[in-house]
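Below is the file input-v1.txt, which contains compact mmCIF, C-alpha atoms and all ligand atoms.
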# COMPACT_ATOMS: atom_id res chain seq x y z
CA MET A 1 -36.74 166.50 21.69
CA GLN A 2 -35.49 169.65 20.00
CA LYS A 3 -38.01 171.41 17.79
CA ARG A 4 -35.71 171.22 14.77
CA ASP A 5 -35.43 167.42 15.18
CA GLN A 6 -39.19 167.14 15.46
CA ILE A 7 -39.69 169.14 12.27
CA ARG A 8 -37.07 167.14 10.40
CA ILE A 9 -38.66 163.85 11.48
CA LEU A 10 -42.19 164.98 10.67
CA LYS A 11 -41.10 166.23 7.24
CA GLU A 12 -39.44 162.90 6.53
CA LEU A 13 -42.54 160.94 7.58
CA LEU A 14 -44.82 163.16 5.47
CA ARG A 15 -42.44 162.72 2.54
CA GLN A 16 -42.54 158.95 2.88
CA LEU A 17 -46.34 158.98 3.07
CA ASP A 18 -46.67 161.35 0.09
CA GLU A 19 -44.19 159.46 -2.07
CA LYS A 20 -45.43 156.06 -0.83
CA VAL A 21 -41.90 155.00 0.08
CA ASN A 22 -40.56 153.58 3.31
CA VAL A 23 -37.37 153.61 5.30
CA ASP A 24 -34.75 151.55 3.47
CA ALA A 25 -31.82 149.71 5.03
CA GLY A 26 -30.65 148.89 1.50
CA VAL A 27 -30.19 145.19 2.19
CA GLN A 28 -31.99 142.15 3.54
CA LEU A 29 -30.24 140.14 6.24
CA LYS A 30 -30.44 136.50 7.29
CA ASN A 31 -30.81 135.83 11.00
CA PRO A 32 -30.00 132.24 12.03
CA VAL A 33 -32.87 130.74 14.04
CA ASP A 34 -30.32 129.20 16.42
CA ASP A 35 -30.05 132.67 17.94
CA TYR A 36 -33.45 132.00 19.52
CA THR A 37 -32.90 128.38 20.55
CA ASP A 38 -29.26 127.88 21.51
CA ARG A 39 -28.82 127.26 25.24
CA ALA A 40 -25.11 128.10 25.22
CA LEU A 41 -25.85 131.47 23.62
CA ALA A 42 -28.68 132.11 26.11
CA THR A 43 -26.26 131.38 28.94
CA GLU A 44 -23.70 133.82 27.55
CA GLU A 45 -26.37 136.51 27.01
CA TRP A 46 -27.66 136.07 30.55
CA GLN A 47 -24.22 136.61 31.94
CA ARG A 48 -23.08 139.45 29.69
CA PHE A 49 -26.30 141.39 29.13
CA PHE A 50 -28.13 140.82 32.38
CA GLN A 51 -25.84 139.82 35.23
CA GLU A 52 -22.93 142.08 34.29
CA HIS A 53 -24.74 144.92 32.57
CA PRO A 54 -26.38 148.11 33.97
CA HIS A 55 -30.18 148.00 34.03
CA PHE A 56 -32.82 150.61 33.36
CA VAL A 57 -35.33 149.53 36.02
CA GLY A 58 -37.97 152.24 36.11
CA LEU A 59 -38.77 155.94 36.19
CA SER A 60 -38.57 158.41 39.06
CA GLY A 61 -42.34 157.98 39.44
CA ASP A 62 -41.76 154.42 40.63
CA LEU A 63 -40.32 155.92 43.83
CA PRO A 64 -42.60 158.94 44.20
CA GLU A 65 -41.67 160.05 47.73
CA THR A 66 -39.13 159.52 50.47
CA GLY A 67 -39.78 156.10 51.95
CA SER A 68 -40.99 154.57 48.66
CA TYR A 69 -39.44 151.26 47.74
CA LEU A 70 -39.45 148.81 44.87
CA CYS A 71 -38.32 145.18 44.58
CA ILE A 72 -36.70 144.04 41.35
CA ASP A 73 -36.12 140.37 40.64
CA ASP A 74 -35.50 140.27 36.92
CA PHE A 75 -31.76 139.79 36.50
CA GLY A 76 -30.59 137.37 39.15
CA VAL A 77 -29.58 139.57 42.09
CA PRO A 78 -32.67 140.46 44.16
CA VAL A 79 -32.74 144.25 44.34
CA LEU A 80 -34.42 146.51 46.89
CA ALA A 81 -34.59 150.05 45.52
CA THR A 82 -35.49 152.85 47.93
CA ARG A 83 -35.86 156.60 48.11
CA ASP A 84 -34.06 157.50 51.31
CA PRO A 85 -34.98 160.29 53.76
CA GLU A 86 -32.93 162.75 51.70
CA GLY A 87 -34.80 161.83 48.54
CA ARG A 88 -31.88 159.90 47.11
CA PHE A 89 -32.45 156.83 44.98
CA ARG A 90 -30.57 153.87 46.48
CA ALA A 91 -30.34 150.20 45.57
CA PHE A 92 -29.39 147.27 47.79
CA VAL A 93 -29.23 143.53 47.60
CA ASN A 94 -32.58 142.46 49.03
CA SER A 95 -31.00 140.01 51.41
CA CYS A 96 -30.46 140.02 55.16
CA ARG A 97 -26.85 140.04 56.33
CA HIS A 98 -27.57 137.40 59.00
CA ARG A 99 -28.67 134.36 56.98
CA GLY A 100 -29.48 135.92 53.61
CA THR A 101 -33.27 135.96 53.78
CA ARG A 102 -35.19 138.36 51.58
CA ILE A 103 -36.16 141.35 53.68
CA ALA A 104 -38.76 143.14 51.50
CA SER A 105 -41.33 140.94 49.85
CA GLU A 106 -44.02 143.22 48.40
CA PRO A 107 -43.23 144.40 44.85
CA ARG A 108 -43.50 148.06 45.87
CA GLY A 109 -44.67 150.20 48.74
CA ARG A 110 -43.60 152.62 51.44
CA ALA A 111 -41.39 151.81 54.42
CA GLU A 112 -38.88 153.72 56.53
CA HIS A 113 -37.35 150.46 57.61
CA PHE A 114 -37.49 146.78 56.81
CA VAL A 115 -37.72 143.93 59.29
CA CYS A 116 -36.33 140.55 58.34
CA PRO A 117 -39.04 137.88 58.66
CA PHE A 118 -36.55 135.24 59.86
CA HIS A 119 -34.99 136.53 63.13
CA ASN A 120 -36.21 140.12 63.20
CA TRP A 121 -33.08 142.09 62.32
CA SER A 122 -34.09 145.49 60.96
CA TYR A 123 -32.63 147.87 58.40
CA SER A 124 -33.40 151.47 57.51
CA ASN A 125 -34.12 152.48 53.93
CA THR A 126 -30.56 153.82 53.78
CA GLY A 127 -29.41 150.21 54.15
CA ALA A 128 -28.10 150.68 57.71
CA LEU A 129 -28.51 147.76 60.09
CA ARG A 130 -30.60 149.18 62.92
CA GLY A 131 -31.73 146.38 65.17
CA VAL A 132 -30.40 142.97 66.08
CA SER A 133 -32.81 140.90 68.13
CA ARG A 134 -31.50 139.36 71.35
CA GLU A 135 -28.00 140.59 70.68
CA ARG A 136 -26.96 139.50 74.17
CA ASP A 137 -27.62 135.88 73.13
CA PHE A 138 -26.49 136.21 69.53
CA GLY A 139 -23.24 138.01 70.35
CA SER A 140 -22.34 141.56 69.47
CA VAL A 141 -22.74 142.58 65.86
CA ASP A 142 -20.66 145.19 64.05
CA ARG A 143 -23.51 147.21 62.56
CA ALA A 144 -21.23 149.35 60.42
CA SER A 145 -20.05 146.38 58.40
CA LEU A 146 -23.37 144.51 58.20
CA GLY A 147 -25.65 146.99 56.50
CA LEU A 148 -27.45 145.90 53.34
CA ILE A 149 -25.04 145.46 50.43
CA GLU A 150 -25.34 148.57 48.30
CA LEU A 151 -25.44 148.47 44.52
CA PRO A 152 -24.49 151.29 42.14
CA ALA A 153 -27.65 153.29 41.43
CA GLU A 154 -28.22 156.45 39.41
CA GLU A 155 -31.31 158.55 38.75
CA ARG A 156 -30.93 160.65 35.65
CA TYR A 157 -33.39 162.23 33.20
CA GLY A 158 -36.18 160.67 35.27
CA GLN A 159 -34.73 157.21 34.68
CA LEU A 160 -33.68 154.78 37.43
CA TRP A 161 -30.62 152.65 36.69
CA VAL A 162 -28.96 149.94 38.76
CA HIS A 163 -25.87 147.83 38.30
CA PRO A 164 -26.42 144.29 39.64
CA GLN A 165 -22.87 143.99 40.99
CA PRO A 166 -21.68 146.00 44.03
CA GLY A 167 -18.45 146.95 42.26
CA GLY A 168 -20.06 147.36 38.81
CA ARG A 169 -19.50 150.47 36.70
CA LEU A 170 -22.62 152.53 36.16
CA ASP A 171 -22.66 155.71 34.14
CA VAL A 172 -26.08 156.47 32.68
CA ASP A 173 -24.69 159.01 30.22
CA THR A 174 -22.44 156.31 28.80
CA GLN A 175 -25.41 153.97 28.40
CA LEU A 176 -27.53 156.64 26.69
CA GLY A 177 -24.73 158.16 24.61
CA ASP A 178 -25.89 160.88 22.23
CA LEU A 179 -29.51 160.31 23.24
CA ALA A 180 -28.89 161.68 26.74
CA PRO A 181 -29.83 165.33 26.00
CA GLU A 182 -32.96 164.19 24.21
CA PHE A 183 -34.05 162.19 27.25
CA ALA A 184 -33.52 165.24 29.43
CA SER A 185 -35.97 167.16 27.25
CA TRP A 186 -38.87 164.74 27.80
CA GLU A 187 -38.96 165.36 31.57
CA VAL A 188 -40.42 161.92 32.30
CA GLY A 189 -39.32 162.34 35.91
CA GLN A 190 -42.55 164.32 36.43
CA GLN A 191 -44.74 161.40 35.42
CA ARG A 192 -46.60 159.22 37.87
CA TYR A 193 -46.43 155.41 37.85
CA LEU A 194 -49.84 153.97 36.94
CA ASP A 195 -49.70 150.26 36.35
CA GLU A 196 -47.65 147.31 35.16
CA THR A 197 -48.51 144.30 33.03
CA VAL A 198 -46.27 141.23 33.20
CA LEU A 199 -46.14 138.84 30.27
CA ALA A 200 -44.44 135.49 30.91
CA LYS A 201 -44.39 133.91 27.47
CA ARG A 202 -42.90 131.08 25.51
CA LEU A 203 -40.61 133.06 23.27
CA ASN A 204 -36.97 134.04 23.37
CA TRP A 205 -36.27 137.47 24.87
CA LYS A 206 -34.86 138.66 21.53
CA LEU A 207 -37.99 137.55 19.67
CA ALA A 208 -40.04 139.57 22.15
CA ASN A 209 -37.77 142.50 21.39
CA ASP A 210 -38.15 141.93 17.64
CA THR A 211 -41.89 142.59 17.80
CA PHE A 212 -41.03 146.24 18.57
CA GLY A 213 -38.57 146.44 15.70
CA GLU A 214 -40.75 147.06 12.66
CA THR A 215 -44.14 148.48 11.69
CA TYR A 216 -44.36 146.38 8.53
CA HIS A 217 -46.85 144.14 10.40
CA PHE A 218 -49.34 146.88 11.31
CA ALA A 219 -51.44 146.59 8.15
CA ARG A 220 -52.00 142.87 8.60
CA LEU A 221 -51.55 141.81 12.22
CA HIS A 222 -52.88 145.02 13.78
CA LYS A 223 -55.39 145.87 11.08
CA ASP A 224 -58.24 146.22 13.61
CA THR A 225 -56.20 147.81 16.38
CA LEU A 226 -53.00 149.82 15.98
CA GLY A 227 -53.27 149.71 12.20
CA ARG A 228 -56.31 151.98 12.47
CA ILE A 229 -54.41 154.49 14.54
CA PHE A 230 -50.98 154.46 12.93
CA TYR A 231 -49.51 154.37 9.47
CA GLY A 232 -47.39 151.23 9.41
CA ASP A 233 -45.22 151.69 6.37
CA ALA A 234 -43.37 154.88 7.21
CA LEU A 235 -40.56 155.19 9.71
CA ASP A 236 -37.92 157.67 10.75
CA TYR A 237 -35.08 155.55 12.07
CA GLN A 238 -31.81 156.62 13.61
CA THR A 239 -29.19 154.66 15.50
CA PHE A 240 -27.20 156.11 18.41
CA GLY A 241 -24.42 153.64 19.10
CA ARG A 242 -26.08 150.54 20.48
CA ASN A 243 -29.41 152.38 20.99
CA HIS A 244 -31.92 153.70 18.51
CA ARG A 245 -34.84 156.04 17.96
CA PHE A 246 -37.80 154.75 16.00
CA VAL A 247 -40.57 157.22 15.10
CA PHE A 248 -43.70 156.24 13.21
CA PRO A 249 -46.70 158.37 12.29
CA SER A 250 -50.22 158.18 13.65
CA ARG A 251 -53.02 159.16 11.31
CA GLY A 252 -53.04 162.47 13.16
CA ILE A 253 -49.96 163.48 11.17
CA ASP A 254 -52.28 164.45 8.34
CA SER A 255 -53.51 167.36 10.46
CA LEU A 256 -50.07 169.00 10.06
CA ARG A 257 -50.51 169.55 6.36
CA GLY A 258 -51.12 173.22 5.81
CA LYS A 259 -50.13 174.17 9.37
CA PRO A 260 -47.06 176.39 9.89
CA GLU A 261 -44.02 174.35 10.91
CA ASP A 262 -43.59 176.15 14.19
CA GLU A 263 -46.89 174.58 15.27
CA TRP A 264 -45.70 171.08 14.41
CA ASP A 265 -45.19 168.65 17.24
CA VAL A 266 -44.45 164.93 17.39
CA GLU A 267 -46.72 164.52 20.40
CA ASN A 268 -50.09 163.59 18.88
CA THR A 269 -48.83 162.87 15.42
CA THR A 270 -46.29 160.07 15.99
CA THR A 271 -45.04 157.48 18.42
CA VAL A 272 -41.46 158.04 19.53
CA LEU A 273 -40.02 154.70 20.59
CA TYR A 274 -36.47 154.35 21.88
CA TYR A 275 -34.55 151.14 22.13
CA ILE A 276 -31.90 151.10 24.82
CA PHE A 277 -29.44 148.24 24.68
CA PRO A 278 -29.97 145.44 25.43
CA ASN A 279 -33.58 144.96 26.54
CA ILE A 280 -35.51 148.22 26.77
CA GLN A 281 -38.25 149.64 24.58
CA PHE A 282 -39.33 153.06 25.79
CA ALA A 283 -42.24 154.97 24.22
CA VAL A 284 -42.18 158.57 25.38
CA LYS A 285 -44.47 161.53 25.20
CA ARG A 286 -44.42 164.64 27.36
CA ASN A 287 -47.59 163.49 29.12
CA SER A 288 -47.22 159.75 29.18
CA ALA A 289 -44.61 157.04 28.84
CA THR A 290 -44.53 153.28 28.47
CA LEU A 291 -41.45 151.42 29.59
CA VAL A 292 -41.06 147.88 28.28
CA ARG A 293 -38.36 145.74 29.91
CA ILE A 294 -37.67 142.34 28.41
CA TYR A 295 -35.75 139.60 30.22
CA PRO A 296 -34.96 135.93 29.82
CA ASP A 297 -37.29 134.02 32.16
CA PRO A 298 -35.74 134.71 35.60
CA ALA A 299 -36.85 131.23 36.78
CA ASP A 300 -34.55 129.59 34.23
CA PRO A 301 -32.66 132.35 32.44
CA CYS A 302 -30.53 130.05 30.35
CA ASP A 303 -33.64 128.48 28.78
CA PRO A 304 -33.75 130.27 25.40
CA SER A 305 -37.45 129.53 24.87
CA ARG A 306 -38.98 131.70 27.60
CA SER A 307 -39.00 135.35 28.49
CA LEU A 308 -40.63 137.81 30.81
CA THR A 309 -41.79 141.26 29.73
CA ARG A 310 -42.76 144.04 32.07
CA VAL A 311 -44.83 146.84 30.55
CA SER A 312 -45.05 149.84 32.90
CA HIS A 313 -47.20 152.88 32.25
CA TYR A 314 -46.73 156.43 33.48
CA ALA A 315 -48.58 159.71 32.96
CA SER A 316 -48.20 163.34 33.96
CA GLU A 317 -50.53 165.00 36.43
CA ALA A 318 -51.72 167.23 33.59
CA ALA A 319 -52.80 164.22 31.55
CA LEU A 320 -54.54 162.66 34.51
CA ASP A 321 -56.32 165.94 35.32
CA ALA A 322 -57.51 166.26 31.75
CA GLU A 323 -58.81 162.74 31.92
CA ARG A 324 -60.80 163.50 35.06
CA ASP A 325 -62.35 166.53 33.32
CA THR A 326 -63.58 164.87 30.21
CA SER A 327 -63.80 161.55 28.53
CA ARG A 328 -61.33 161.70 25.65
CA THR A 329 -61.45 158.06 24.67
CA VAL A 330 -61.58 157.64 20.94
CA ILE A 331 -61.43 153.89 20.85
CA ASP A 332 -64.41 151.81 21.80
CA SER A 333 -64.47 148.67 23.95
CA ASN A 334 -63.45 146.56 20.98
CA ASN A 335 -60.31 148.66 20.63
CA VAL A 336 -61.61 150.14 17.42
CA TYR A 337 -60.29 153.56 16.62
CA ASP A 338 -62.84 156.25 15.91
CA PRO A 339 -61.24 158.37 13.20
CA THR A 340 -63.87 161.08 13.41
CA ALA A 341 -62.69 162.21 16.83
CA ARG A 342 -60.60 165.34 17.18
CA ASP A 343 -59.51 165.85 13.59
CA GLY A 344 -58.26 162.32 13.29
CA ASN A 345 -55.70 162.76 16.02
CA ALA A 346 -55.14 159.71 18.15
CA VAL A 347 -56.17 161.22 21.46
CA PHE A 348 -56.77 158.47 23.99
CA SER A 349 -57.67 158.37 27.58
CA VAL A 350 -54.59 157.21 29.44
CA GLU A 351 -56.41 154.08 30.52
CA ALA A 352 -57.57 153.19 27.02
CA ALA A 353 -54.06 153.69 25.65
CA MET A 354 -52.69 151.34 28.29
CA GLU A 355 -55.26 148.70 27.48
CA VAL A 356 -54.68 148.90 23.75
CA PHE A 357 -50.94 148.67 24.18
CA ASP A 358 -51.00 145.73 26.58
CA SER A 359 -53.60 143.70 24.78
CA THR A 360 -52.03 144.29 21.37
CA VAL A 361 -48.63 143.18 22.57
CA GLU A 362 -49.98 140.13 24.35
CA HIS A 363 -52.68 138.93 21.97
CA GLU A 364 -51.20 139.97 18.66
CA ASP A 365 -47.42 140.54 18.72
CA TYR A 366 -46.37 137.92 21.24
CA ARG A 367 -48.64 135.29 19.69
CA MET A 368 -46.68 135.72 16.49
CA GLY A 369 -43.42 135.54 18.41
CA GLU A 370 -44.49 132.33 20.15
CA SER A 371 -45.28 130.71 16.84
CA THR A 372 -41.88 131.78 15.47
CA GLN A 373 -40.27 130.25 18.57
CA ARG A 374 -41.98 126.90 17.94
CA ALA A 375 -40.91 126.94 14.29
CA ALA A 376 -37.34 127.79 15.27
CA GLU A 377 -37.29 124.89 17.74
CA SER A 378 -38.63 122.45 15.16
CA GLY A 379 -35.36 122.68 13.28
CA ALA A 380 -37.24 123.16 10.02
CA LEU A 381 -35.87 126.63 9.34
CA ASP A 382 -32.27 127.74 9.05
CA TYR A 383 -32.77 131.45 9.17
CA LEU A 384 -35.32 134.29 9.18
CA VAL A 385 -35.16 137.22 6.76
CA PHE A 386 -35.03 140.82 7.93
CA GLY A 387 -36.25 143.16 5.19
CA ARG A 388 -34.91 146.46 3.93
CA ASN A 389 -37.86 148.10 5.71
CA GLU A 390 -36.86 146.54 9.05
CA PRO A 391 -33.63 148.38 9.90
CA ALA A 392 -34.15 148.09 13.65
CA LEU A 393 -33.97 144.31 13.40
CA HIS A 394 -30.68 144.61 11.54
CA HIS A 395 -29.33 146.96 14.17
CA TYR A 396 -30.40 145.00 17.28
CA HIS A 397 -29.13 141.71 16.10
CA ASN A 398 -25.85 143.04 14.84
CA THR A 399 -25.44 144.89 18.10
CA PHE A 400 -26.05 141.76 20.16
CA ARG A 401 -23.55 139.97 17.96
CA GLU A 402 -20.93 142.69 18.15
CA ALA A 403 -21.26 142.77 21.94
CA LEU A 404 -20.53 139.03 22.08
CA GLY A 405 -17.73 139.16 19.51
CA ARG A 406 -19.77 137.31 16.87
CA PRO A 407 -19.72 138.16 13.16
CA PRO A 408 -22.48 140.40 11.76
CA LEU A 409 -25.52 138.97 9.98
CA GLU A 410 -25.01 138.00 6.37
CA PRO A 411 -26.98 139.62 3.57
CA VAL A 412 -29.48 137.65 1.55
CA GLU A 413 -27.92 137.08 -1.84
CA GLY A 414 -29.74 138.73 -4.72
CA PRO A 415 -31.64 136.62 -7.25
CA ARG A 416 -29.24 134.35 -9.11
CA ARG A 417 -28.58 135.27 -12.72
CA GLU A 418 -28.94 132.45 -15.19
CA HIS A 419 -25.64 131.82 -16.91
CA THR A 420 -26.16 131.71 -20.64
CA PRO A 421 -23.55 129.49 -22.30
CA GLY A 422 -21.44 131.50 -24.68
CA ALA A 423 -22.45 134.81 -23.13
CA GLY A 424 -19.07 135.11 -21.44
S1 LIG A 501 -31.91 135.96 58.34
FE1 LIG A 501 -32.56 137.95 58.72
S2 LIG A 501 -32.61 138.09 60.84
FE2 LIG A 501 -31.89 136.11 60.48
FE FE A 502 -46.90 145.00 16.87
Output the file's structure in the form of structure tokens.
Ligand code: FES
Ligand SMILES: [Fe+2]
Amino acid sequence: MQKRDQIRILKELLRQLDEKVNVDAGVQLKNPVDDYTDRALATEEWQRFFQEHPHFVGLSGDLPETGSYLCIDDFGVPVLATRDPEGRFRAFVNSCRHRGTRIASEPRGRAEHFVCPFHNWSYSNTGALRGVSRERDFGSVDRASLGLIELPAEERYGQLWVHPQPGGRLDVDTQLGDLAPEFASWEVGQQRYLDETVLAKRLNWKLANDTFGETYHFARLHKDTLGRIFYGDALDYQTFGRNHRFVFPSRGIDSLRGKPEDEWDVENTTTVLYYIFPNIQFAVKRNSATLVRIYPDPADPCDPSRSLTRVSHYASEAALDAERDTSRTVIDSNNVYDPTARDGNAVFSVEAAMEVFDSTVEHEDYRMGESTQRAAESGALDYLVFGRNEPALHHYHNTFREALGRPPLEPVEGPRREHTPGAG
């Protein structure tokens, strides 16, 4: 992120904290609960947003060397992503051209070639069909036309993108829009993949997404966890087409007061969280990144009540080296922030940060989302209210609606004025 953007954002957050004001969307909106429970809508979303839409599937660190591979099974088409001998990121349908069997079964690993478990045909990690067992008996096979089916794949700004249809249009710059140069500046391609947590939960994929769309809940829901590390009621929010940038301050922002602006940095003073349409939440720092991918439950994607979230963590070599040198954990085993450490800056060990993130999302945020899902299904509520301090919720939901040709959310009407007879 450009220095001038960092300074502008930090100034805005300090202003909000000083003046005790928050971001303001200027209006409250009503979101019909049917959006979380309607099977016909879920079916349309699955088709439009997942089966026909490009997907951000990981970072360059997921395929760290030639021969690395990755299986992706989140949006219908089984995908085998590889880094070929030339270092190129490729994606194929993970399905043998003989009888369609899955050819790679481990979620990730290293392989120069893949051998089908059914009748032993083999493919290289460029997708080429190499070996056909007992070809004399089987009959001759035209290898050139029976390689793995290739999918559009692009690696850009350290991000891996795939289109699930062989003829699909994939242009990462189009997906990222005006955020593209900012993503280039983070250099996440240098970061190493560390770990992934998978949350299969009983909540609609949009409700899962909603938990990342406001910090209003920090003071209550996360009062013993993130609420100790971050200020919840201050937010710098900017939309970029269908995407957005959402920056909120950690308590470390206070250390900037009195420091010259050219020493200001968003790194240890804020969380920079991007939303990339339709299902990505991406928290980025120069030394670490967390990629959250949210899907309808792939086992029954048209069931609106279930979703699957993948939380993947990455860190730079520099961060991992620093961690080996010294213990920098400032949260204890109960996830309690120690504000006396390092001038109040939230400096975590990479591992502790991962644990806090995963357990907070699972045990705090998604529990709330699951209870909202049950209430929505009960039929007792017509709509939920998105506040003026929750602009990301306004943006997501209106974006989903716009993409499906539905009308935007309606505002909550202001308090009714009593009509005094004779007052005109
Ligand atoms: S299905 Fe793969 S070799 Fe027969
Ligand atoms: Fe939360």
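Here CA of Ser378 (chain A) and CA of Val33 (chain A) stand 10.2 Å from one another.
Ranking A:Pro260, A:Gly369, A:Gly109, A:Pro64 by their shortest atom-to-atom distance to ligand FE 502 (chain A), with only C-alpha atoms and all ligand atoms included, puts A:Gly369 first.
As for CA of Phe218 (chain A) and CA of Leu320 (chain A), they are spaced 28.5 Å apart.
Residue nearest ligand LIG 501 (chain A), chosen from A:Gly127, A:Pro296, A:Gly241, A:Gly100 and counting all atoms listed in the file: A:Gly100.
Using all atoms listed in the file for every distance, the candidate list A:Leu256, A:Ala376, A:Leu221, A:Ala128 yields A:Leu221 as the residue closest to ligand FE 502 (chain A).
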So which residues are near ligand FE 502 (chain A), meaning at most 7 Å away with all atoms listed in the file counted, given back as a PDB file with C-alpha atoms, in the frame of the given file?
ATOM      1  CA  THR A 211     -41.890 142.590  17.800  1.00  0.00           C
ATOM      2  CA  PHE A 212     -41.030 146.240  18.570  1.00  0.00           C
ATOM      3  CA  THR A 215     -44.140 148.480  11.690  1.00  0.00           C
ATOM      4  CA  HIS A 217     -46.850 144.140  10.400  1.00  0.00           C
ATOM      5  CA  PHE A 218     -49.340 146.880  11.310  1.00  0.00           C
ATOM      6  CA  HIS A 222     -52.880 145.020  13.780  1.00  0.00           C
ATOM      7  CA  THR A 360     -52.030 144.290  21.370  1.00  0.00           C
ATOM      8  CA  VAL A 361     -48.630 143.180  22.570  1.00  0.00           C
ATOM      9  CA  GLU A 364     -51.200 139.970  18.660  1.00  0.00           C
ATOM     10  CA  ASP A 365     -47.420 140.540  18.720  1.00  0.00           C
TER      11      ASP A 365
END
Report task. Select the residues contacting ligand LIG 501 (chain A) at a distance of at most 6 Å, based on only C-alpha atoms and all ligand atoms, then format the selection as a ChimeraX atom specification. Result -> /A:96,98-101,116,118-121
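Shortest atom-to-atom contact with Asp321 (chain A) among A:Ala42, A:Ala234, A:Leu381, A:Val350: A:Val350, counting only C-alpha atoms.
Non-sequential neighbours of Phe114 (chain A) (distance at most 9 Å, separation of 2 or more positions within a chain, all atoms listed in the file) are Ile103, Ala104, Ala111, Glu112, Cys116, Trp121, Ser122, Tyr123, Ser124 and Asn125 of chain A.
The space between CA of Lys285 (chain A) and CA of Glu182 (chain A) spans 11.9 Å.
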Could you pull region 280-296 of chain A out of the block above and save it with N, CA and C atoms, as an mmCIF file, in the first residue's frame?
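Final output, saved to out.cif:
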data_model
loop_
_atom_site.group_PDB
_atom_site.id
_atom_site.type_symbol
_atom_site.label_atom_id
_atom_site.label_comp_id
_atom_site.auth_asym_id
_atom_site.auth_seq_id
_atom_site.Cartn_x
_atom_site.Cartn_y
_atom_site.Cartn_z
ATOM 1 N N ILE A 280 -14.293 -13.962 -0.676
ATOM 2 C CA ILE A 280 -12.931 -13.937 -0.125
ATOM 3 C C ILE A 280 -12.761 -12.824 0.900
ATOM 4 N N GLN A 281 -12.179 -13.183 2.033
ATOM 5 C CA GLN A 281 -11.715 -12.196 3.005
ATOM 6 C C GLN A 281 -10.205 -12.423 3.117
ATOM 7 N N PHE A 282 -9.451 -11.335 2.957
ATOM 8 C CA PHE A 282 -8.002 -11.498 2.825
ATOM 9 C C PHE A 282 -7.314 -10.447 3.700
ATOM 10 N N ALA A 283 -6.748 -10.911 4.824
ATOM 11 C CA ALA A 283 -6.047 -10.005 5.743
ATOM 12 C C ALA A 283 -4.563 -10.049 5.390
ATOM 13 N N VAL A 284 -3.997 -8.882 5.087
ATOM 14 C CA VAL A 284 -2.642 -8.859 4.541
ATOM 15 C C VAL A 284 -1.727 -7.957 5.345
ATOM 16 N N LYS A 285 -0.568 -8.485 5.633
ATOM 17 C CA LYS A 285 0.545 -7.675 6.125
ATOM 18 C C LYS A 285 1.753 -8.031 5.265
ATOM 19 N N ARG A 286 2.830 -7.257 5.412
ATOM 20 C CA ARG A 286 3.997 -7.589 4.584
ATOM 21 C C ARG A 286 4.602 -8.926 5.011
ATOM 22 N N ASN A 287 4.455 -9.262 6.307
ATOM 23 C CA ASN A 287 5.091 -10.485 6.795
ATOM 24 C C ASN A 287 4.155 -11.647 7.048
ATOM 25 N N SER A 288 2.875 -11.419 6.901
ATOM 26 C CA SER A 288 1.953 -12.541 7.095
ATOM 27 C C SER A 288 0.635 -12.229 6.399
ATOM 28 N N ALA A 289 -0.092 -13.277 6.086
ATOM 29 C CA ALA A 289 -1.387 -13.089 5.428
ATOM 30 C C ALA A 289 -2.313 -14.212 5.853
ATOM 31 N N THR A 290 -3.598 -13.896 5.904
ATOM 32 C CA THR A 290 -4.619 -14.902 6.179
ATOM 33 C C THR A 290 -5.653 -14.815 5.072
ATOM 34 N N LEU A 291 -5.840 -15.919 4.405
ATOM 35 C CA LEU A 291 -6.798 -15.968 3.299
ATOM 36 C C LEU A 291 -7.996 -16.795 3.752
ATOM 37 N N VAL A 292 -9.169 -16.164 3.736
ATOM 38 C CA VAL A 292 -10.395 -16.844 4.148
ATOM 39 C C VAL A 292 -11.259 -17.018 2.904
ATOM 40 N N ARG A 293 -11.580 -18.273 2.594
ATOM 41 C CA ARG A 293 -12.431 -18.568 1.430
ATOM 42 C C ARG A 293 -13.705 -19.220 1.939
ATOM 43 N N ILE A 294 -14.821 -18.688 1.538
ATOM 44 C CA ILE A 294 -16.107 -19.134 2.080
ATOM 45 C C ILE A 294 -16.967 -19.684 0.939
ATOM 46 N N TYR A 295 -17.472 -20.889 1.126
ATOM 47 C CA TYR A 295 -18.248 -21.557 0.072
ATOM 48 C C TYR A 295 -19.547 -22.110 0.641
ATOM 49 N N PRO A 296 -20.576 -22.234 -0.196
ATOM 50 C CA PRO A 296 -21.684 -23.095 0.198
ATOM 51 C C PRO A 296 -21.109 -24.495 0.427
#
